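Structure file work34.cif (mmCIF, C-alpha atoms) is printed below.
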```
data_model
loop_
_atom_site.label_atom_id
_atom_site.label_comp_id
_atom_site.auth_asym_id
_atom_site.auth_seq_id
_atom_site.Cartn_x
_atom_site.Cartn_y
_atom_site.Cartn_z
CA MET I 582 2.10 170.26 78.05
CA GLN I 583 1.38 168.69 74.71
CA ILE I 584 2.59 165.77 72.62
CA ASP I 585 1.97 164.33 69.18
CA LEU I 586 0.81 160.70 69.52
CA ASN I 587 1.57 158.49 66.53
CA ALA I 588 1.08 154.89 65.46
CA ASP I 589 2.32 152.74 62.57
CA LEU I 590 -0.77 151.71 60.60
CA GLY I 591 -1.91 150.25 57.29
CA GLU I 592 0.04 147.09 58.16
CA GLY I 593 -3.00 144.81 58.31
CA GLY I 594 -3.49 145.14 62.07
CA ALA I 595 -6.85 144.63 63.69
CA PHE I 596 -7.35 148.09 65.19
CA ASP I 597 -6.51 150.71 62.58
CA ARG I 598 -9.93 152.37 62.67
CA GLU I 599 -10.03 152.53 66.46
CA LEU I 600 -6.43 153.69 66.78
CA LEU I 601 -7.00 156.48 64.28
CA ALA I 602 -9.60 157.88 66.68
CA LEU I 603 -6.92 158.09 69.39
CA VAL I 604 -3.73 159.27 67.68
CA SER I 605 -2.89 162.62 66.12
CA SER I 606 -0.47 161.25 63.49
CA ALA I 607 -0.20 157.98 61.59
CA ASN I 608 2.74 156.43 59.78
CA ILE I 609 1.29 154.56 56.81
CA SER I 610 2.95 151.38 55.61
CA CYS I 611 4.28 151.58 52.07
CA GLY I 612 3.68 147.86 51.56
CA ALA I 613 7.29 146.66 51.69
CA HIS I 614 7.17 145.17 55.19
CA ALA I 615 3.45 144.60 55.78
CA GLY I 616 -0.03 145.46 54.57
CA ASP I 617 -1.44 145.53 51.06
CA HIS I 618 -3.21 147.99 48.80
CA SER I 619 -6.51 147.47 50.59
CA THR I 620 -5.23 147.94 54.15
CA ILE I 621 -3.07 150.91 53.18
CA ALA I 622 -5.87 152.66 51.28
CA LEU I 623 -8.31 152.05 54.13
CA ALA I 624 -5.92 153.51 56.72
CA ILE I 625 -5.45 156.60 54.57
CA SER I 626 -9.19 156.98 54.09
CA ILE I 627 -9.94 156.70 57.81
CA ALA I 628 -7.13 159.11 58.66
CA ARG I 629 -8.69 161.67 56.36
CA GLU I 630 -12.09 161.15 58.01
CA GLN I 631 -10.56 161.59 61.47
CA GLY I 632 -8.38 164.56 60.54
CA VAL I 633 -5.22 162.64 61.42
CA ARG I 634 -1.93 163.72 59.88
CA ILE I 635 -0.30 160.95 57.83
CA GLY I 636 3.26 160.19 56.83
CA ALA I 637 4.99 157.58 54.70
CA HIS I 638 6.52 154.62 56.57
CA PRO I 639 9.07 153.07 54.18
CA SER I 640 10.97 149.92 55.03
CA TYR I 641 13.48 147.44 53.79
CA PRO I 642 11.75 145.10 51.30
CA ASP I 643 11.36 142.32 53.86
CA ARG I 644 7.81 141.10 54.42
CA GLU I 645 9.02 137.77 55.82
CA ASN I 646 10.56 139.50 58.85
CA PHE I 647 8.15 142.46 59.07
CA GLY I 648 11.01 144.75 58.10
CA ARG I 649 12.76 144.07 61.38
CA LEU I 650 15.84 142.31 59.99
CA ALA I 651 18.87 144.50 59.29
CA MET I 652 19.87 144.46 55.63
CA GLN I 653 22.92 145.73 53.76
CA LEU I 654 21.49 146.90 50.45
CA PRO I 655 23.63 148.78 47.94
CA ILE I 656 22.77 152.48 48.10
CA ALA I 657 21.43 152.44 44.53
CA SER I 658 19.10 149.58 45.38
CA LEU I 659 17.97 151.24 48.62
CA ARG I 660 17.21 154.45 46.71
CA GLN I 661 15.12 152.56 44.18
CA HIS I 662 13.12 150.74 46.85
CA ILE I 663 12.50 153.77 49.07
CA LEU I 664 11.55 156.14 46.25
CA ALA I 665 9.10 153.58 44.86
CA GLN I 666 7.48 153.21 48.28
CA LEU I 667 7.25 156.95 48.89
CA ARG I 668 5.73 157.60 45.48
CA TYR I 669 3.23 154.81 45.94
CA VAL I 670 1.88 156.15 49.24
CA ARG I 671 2.00 159.76 48.04
CA ASP I 672 -0.08 158.92 44.98
CA LEU I 673 -2.53 156.82 46.97
CA ALA I 674 -2.93 159.62 49.51
CA SER I 675 -3.52 162.07 46.67
CA GLU I 676 -6.36 159.89 45.42
CA HIS I 677 -7.95 160.33 48.86
CA GLU I 678 -7.30 164.09 48.78
CA ILE I 679 -4.79 164.07 51.61
CA THR I 680 -1.12 165.00 51.53
CA LEU I 681 1.87 163.49 53.31
CA SER I 682 3.11 165.41 56.35
CA HIS I 683 6.28 163.48 57.19
CA ILE I 684 8.47 160.47 56.46
CA LYS I 685 9.30 157.92 59.15
CA PRO I 686 11.45 154.89 58.29
CA HIS I 687 10.37 151.54 59.71
CA GLY I 688 11.91 148.79 61.78
CA ALA I 689 15.51 147.76 61.15
CA LEU I 690 15.99 150.61 58.70
CA TYR I 691 14.87 153.08 61.39
CA ASN I 692 17.31 151.64 63.90
CA GLN I 693 20.25 151.57 61.49
CA LEU I 694 19.58 155.16 60.41
CA GLY I 695 19.91 156.22 64.02
CA GLN I 696 23.46 154.83 64.17
CA ASP I 697 25.00 154.63 60.69
CA GLU I 698 26.16 157.99 59.30
CA GLN I 699 26.73 156.75 55.76
CA LEU I 700 23.30 155.15 55.58
CA ALA I 701 21.70 158.22 57.14
CA GLN I 702 23.34 160.50 54.57
CA ALA I 703 22.02 158.28 51.78
CA PHE I 704 18.50 158.31 53.23
CA ILE I 705 18.59 162.10 53.58
CA GLN I 706 19.55 162.40 49.91
CA ILE I 707 16.60 160.16 48.99
CA VAL I 708 14.22 162.37 50.98
CA GLN I 709 15.68 165.48 49.38
CA GLU I 710 15.13 163.95 45.94
CA PHE I 711 11.55 162.98 46.79
CA ASP I 712 10.40 166.07 48.71
CA PRO I 713 12.83 168.16 50.78
CA THR I 714 9.94 169.96 52.51
CA LEU I 715 8.79 166.83 54.35
CA PRO I 716 10.03 166.45 57.94
CA ILE I 717 11.89 163.26 58.86
CA VAL I 718 10.75 161.41 61.98
CA GLY I 719 13.58 159.61 63.75
CA LEU I 720 14.94 158.33 67.03
CA ALA I 721 15.51 161.11 69.56
CA GLY I 722 19.23 161.83 69.72
CA GLY I 723 20.01 159.63 66.74
CA VAL I 724 22.41 160.24 63.88
CA LEU I 725 19.67 160.62 61.26
CA LEU I 726 18.09 163.67 62.89
CA LYS I 727 21.44 165.29 63.60
CA LEU I 728 22.59 165.01 59.99
CA ALA I 729 19.18 166.00 58.60
CA GLN I 730 19.23 169.18 60.67
CA GLU I 731 22.71 169.98 59.42
CA LYS I 732 21.36 169.66 55.86
CA GLY I 733 18.56 172.09 56.68
CA LEU I 734 15.76 169.52 56.69
CA GLN I 735 12.94 169.61 59.20
CA THR I 736 12.99 166.85 61.81
CA ILE I 737 10.63 165.35 64.36
CA SER I 738 12.21 163.73 67.41
CA GLU I 739 10.51 160.51 68.47
CA VAL I 740 10.33 158.56 71.73
CA PHE I 741 8.60 155.20 72.10
CA ALA I 742 5.99 154.69 74.78
CA ASP I 743 6.26 150.90 74.70
CA ARG I 744 9.98 150.25 74.16
CA ARG I 745 12.91 150.14 76.59
CA TYR I 746 16.12 152.06 76.02
CA GLN I 747 19.83 151.43 76.44
CA SER I 748 22.11 153.86 78.24
CA ASN I 749 23.47 155.14 74.90
CA GLY I 750 19.98 156.32 73.98
CA GLU I 751 19.33 153.56 71.47
CA LEU I 752 16.38 151.20 71.67
CA LEU I 753 16.94 147.86 73.37
CA PRO I 754 17.00 145.38 70.45
CA ARG I 755 13.82 143.38 69.95
CA SER I 756 15.89 140.23 70.36
CA ALA I 757 16.25 141.15 74.05
CA ALA I 758 13.65 139.70 76.42
CA LYS I 759 12.63 143.08 77.87
CA ALA I 760 12.71 145.14 74.67
CA VAL I 761 8.96 145.75 74.61
CA ILE I 762 7.07 147.20 77.57
CA GLU I 763 3.93 145.14 78.05
CA ASP I 764 2.83 146.73 81.33
CA THR I 765 0.61 149.72 80.58
CA ASP I 766 1.40 151.48 83.87
CA GLU I 767 5.13 151.32 83.14
CA ALA I 768 4.64 152.64 79.62
CA VAL I 769 2.47 155.50 80.89
CA ALA I 770 5.07 156.37 83.55
CA GLN I 771 7.83 156.38 80.94
CA SER I 772 5.75 158.60 78.65
CA LEU I 773 4.94 161.09 81.39
CA GLU I 774 8.55 161.26 82.54
CA VAL I 775 9.82 162.16 79.10
CA ILE I 776 7.06 164.72 78.51
CA LYS I 777 7.43 166.38 81.91
CA THR I 778 11.19 166.16 82.44
CA GLY I 779 12.75 165.65 79.01
CA ALA I 780 14.41 162.43 80.14
CA ILE I 781 13.91 158.70 80.00
CA ARG I 782 15.28 155.83 82.12
CA SER I 783 17.46 153.22 80.45
CA ILE I 784 17.16 149.50 81.16
CA GLU I 785 20.26 149.95 83.35
CA GLY I 786 18.53 152.70 85.32
CA HIS I 787 20.44 155.66 83.89
CA ARG I 788 18.66 158.94 83.17
CA ILE I 789 18.95 159.94 79.50
CA ALA I 790 18.04 163.42 78.28
CA VAL I 791 15.82 163.24 75.18
CA ARG I 792 13.65 165.59 73.18
CA ALA I 793 10.18 164.20 72.49
CA ASP I 794 8.20 165.91 69.74
CA THR I 795 6.15 162.79 69.14
CA LEU I 796 5.36 159.63 71.10
CA CYS I 797 4.97 156.31 69.26
CA ILE I 798 2.75 153.37 70.11
CA HIS I 799 2.80 150.18 68.07
CA GLY I 800 -0.41 149.10 66.36
CA ASP I 801 0.53 145.50 65.60
CA SER I 802 0.16 143.90 69.05
CA LYS I 803 -2.89 142.15 70.49
CA ILE I 804 -3.18 144.73 73.26
CA ALA I 805 -2.57 147.74 71.00
CA LEU I 806 -6.05 149.20 71.32
CA THR I 807 -6.38 148.78 75.09
CA PHE I 808 -2.89 150.16 75.52
CA ALA I 809 -3.59 153.22 73.34
CA GLN I 810 -6.90 153.93 75.07
CA THR I 811 -5.31 153.77 78.51
CA LEU I 812 -2.29 155.81 77.51
CA ARG I 813 -4.35 158.60 75.96
CA LYS I 814 -6.72 158.73 78.93
CA ARG I 815 -3.89 158.89 81.46
CA LEU I 816 -1.99 161.53 79.52
CA GLU I 817 -5.07 163.73 79.32
CA GLN I 818 -5.74 163.23 83.03
CA GLU I 819 -2.23 164.57 83.65
CA GLY I 820 -2.99 167.66 81.58
CA VAL I 821 -1.15 166.58 78.45
CA MET I 822 -2.83 167.73 75.23
CA ILE I 823 -2.68 165.30 72.30
CA ARG I 824 -2.19 167.19 69.07
CA ALA I 825 -0.27 166.94 65.83
CA LEU I 826 2.76 169.16 65.48
CA SER I 827 1.98 172.39 63.68
CA THR I 828 5.66 172.85 62.86
CA ALA I 829 8.69 170.56 62.79
CA ARG I 830 12.14 171.28 64.20
#
```

The structure given in the file should be rewritten as structure tokens.
Amino acid sequence: MQIDLNADLGEGGAFDRELLALVSSANISCGAHAGDHSTIALAISIAREQGVRIGAHPSYPDRENFGRLAMQLPIASLRQHILAQLRYVRDLASEHEITLSHIKPHGALYNQLGQDEQLAQAFIQIVQEFDPTLPIVGLAGGVLLKLAQEKGLQTISEVFADRRYQSNGELLPRSAAKAVIEDTDEAVAQSLEVIKTGAIRSIEGHRIAVRADTLCIHGDSKIALTFAQTLRKRLEQEGVMIRALSTAR
């Protein structure tokens, strides 16, 4: 058994250096929702030192809400914002002699791309314009990955260690009281179930079949480091190898 373990970093969180010693992939903020040039460059530099694969983590231009507020941008405007973010992180990574390995949208954009076919098609076209060889990371079972595969793009199916799911396979909205799993034992159990059985339990108790190529932990909480340390230790105790994907689907 093996799994890619990823975290969203470069956002100005307190534990980027420590988390980069625990994960196998990192999604680097492009500055639109959080972080600045200094925090983004530092995360890239540490990732290179640790041999961690990095990807671009573009977002709606919404620092006030950490990119977690759904927006309805015109497609032309969305294209302009996303391409600018991708180019910024690509160029900064190049300065540190490291290349991007994937693209993972952030926050509300990520969630909408998992549901909205028109938006997903537009995002896919943006990725194709930027670099069609880069895999797209998205919600397991979501619309974005389905359409990207149909277009011949590589995809990486993601499950969250610390989020609860609805019976339709979508994440429970953050506005819900139980959206985030704060109990480490529960998060570990959820992670092991999806790795071992290919399924996850919804908040209603239903079993949902999912493909997990990569497992995400959030790096912006106060308990992020303790959570990541415990999760990695428990996964390894169960015989799960933590390693970056050598190929994408």

TODO: Can you work out which one of I:His662, I:Leu734, I:Leu700, I:Thr765 has the shortest atom-to-atom distance to Ile804 (chain I), counting all atoms listed in the file?
DONE: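 Smallest separation from Ile804 (chain I) among the options: I:Thr765.
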
Task: Answer key for the PyMOL selection byres ((chain I and resi 692) around 12), residues as a count of residues only - done: 36

Open item on the list: Using all atoms listed in the file, can you tell me which of I:Ala780, I:Ala628, I:Val670, I:Val604 comes closest to Ile584 (chain I)?
Closed with: I:Val604

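The space separating CA of His683 (chain I) from CA of Asp597 (chain I) comes to 18.9 Å.
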
Open item on the list: On this structure, the PyMOL selection byres ((chain I and resi 711) around 10) would catch which residues? List them as an MDAnalysis selection string, sorted by chain and number.
Closed with: chainID I and resid 663:665 667:668 705:710 712:715

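Here the question is which of I:Cys797, I:Ile789, I:Phe596, I:Ser772 gets nearest to Glu817 (chain I) using all atoms listed in the file, and that residue is I:Ser772.
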
- [ ] Just the residues within 10 Å of Glu676 (chain I), please, counting only C-alpha atoms, with nothing from its chain fewer than 4 positions along; format it as a list of chain:residue names.
- [x]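 Returned residues: I:Ala622, I:Ile625, I:Ser626, I:Val670, I:Arg671, I:Asp672, I:Thr680.
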
TODO: May I have the protein, DNA and RNA residues with any atom at most 12 Å from the point (3.3, 153.0, 83.0), counting only C-alpha atoms, written as JSON, numbers by chain?
DONE: {"I": [742, 743, 744, 745, 762, 763, 764, 765, 766, 767, 768, 769, 770, 771, 772, 773, 774, 775, 808, 809, 811, 812, 813, 815, 816]}

Open item on the list: Around the point (9.0, 162.1, 67.3) (coordinates from the file), which residues reach within 10 Å if we count all atoms listed in the file? Answer as a list in words.
Closed with: Ile584, Asp585, Leu586, Asn587, Lys685, Ile717, Val718, Gly719, Leu720, Ala721, Thr736, Ile737, Ser738, Glu739, Val740, Phe741, Arg792, Ala793, Asp794, Thr795, Leu796, Cys797, Leu826 and Ala829 of chain I

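Among the candidates I:Ile656, I:Val791, I:Ala637, I:Ile798, the one nearest to Gly779 (chain I) when counting all atoms listed in the file is I:Val791.
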
Open item on the list: Considering only C-alpha atoms, can you say which of I:Ile776, I:Ala757, I:Ile684, I:Ala825 comes closest to Gln735 (chain I)?
Closed with: I:Ile684

Set out as a Markdown table a contact list for region 623-740 of chain I and region 591-594 of chain I with a cut-off of 10 Å, giving each residue of region 623-740 of chain I that qualifies its closest atom pair and distance in Å to one decimal, counting only C-alpha atoms, ordered by chain and rising residue number.
```
| residue | atom | partner | partner_atom | distance |
| --- | --- | --- | --- | --- |
| I:Leu623 | CA | I:Gly591 | CA | 7.4 |
| I:Ala624 | CA | I:Gly591 | CA | 5.2 |
| I:Ile625 | CA | I:Gly591 | CA | 7.8 |
| I:His638 | CA | I:Gly591 | CA | 9.5 |
| I:Phe647 | CA | I:Glu592 | CA | 9.4 |
```

Put those residues in a file: C-alpha atoms, as a short mmCIF file (atom, residue, chain, number, x, y, z; two decimals), keeping the file's coordinate frame.
```cif
data_model
loop_
_atom_site.label_atom_id
_atom_site.label_comp_id
_atom_site.auth_asym_id
_atom_site.auth_seq_id
_atom_site.Cartn_x
_atom_site.Cartn_y
_atom_site.Cartn_z
CA LEU I 623 -8.31 152.05 54.13
CA ALA I 624 -5.92 153.51 56.72
CA ILE I 625 -5.45 156.60 54.57
CA HIS I 638 6.52 154.62 56.57
CA PHE I 647 8.15 142.46 59.07
#
```

Taking all listed atoms of region 596-608 of chain I, build the axis-aligned box, pad each of the six sides by 3 Å, then write its centre and edge lengths in Å to one decimal as lines of an AutoDock Vina configuration file.
```
center_x = -3.6
center_y = 155.4
center_z = 64.6
size_x = 18.8
size_y = 20.5
size_z = 15.6
```

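If you look at CA of Arg634 (chain I) and CA of Ala607 (chain I), they are 6.2 Å away from each other.
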
TODO: For CA of Arg598 (chain I) and CA of Lys777 (chain I), quote the distance in Å rounded to one decimal.
DONE: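 Taking CA of Arg598 (chain I) and CA of Lys777 (chain I), their separation equals 29.5 Å.
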
- [ ] Could you list the residues chosen by the PyMOL selection byres ((chain I and resi 682) around 6) in this structure as JSON, numbers by chain?
- [x] {"I": [635, 636, 681, 683]}

Could you take the residues named above and write them with C-alpha atoms, as an mmCIF file, in the frame of the given file?
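out-v1.cif was written with the following content:
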```
data_model
loop_
_atom_site.group_PDB
_atom_site.id
_atom_site.type_symbol
_atom_site.label_atom_id
_atom_site.label_comp_id
_atom_site.auth_asym_id
_atom_site.auth_seq_id
_atom_site.Cartn_x
_atom_site.Cartn_y
_atom_site.Cartn_z
ATOM 1 C CA ILE I 635 -0.300 160.950 57.830
ATOM 2 C CA GLY I 636 3.260 160.190 56.830
ATOM 3 C CA LEU I 681 1.870 163.490 53.310
ATOM 4 C CA HIS I 683 6.280 163.480 57.190
#
```

Task: Option closest in space to Asn608 (chain I), from I:His787, I:His799, I:Arg782, I:Lys732 [counting all atoms listed in the file] - done: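 Among the listed residues, I:His799 lies closest to Asn608 (chain I).
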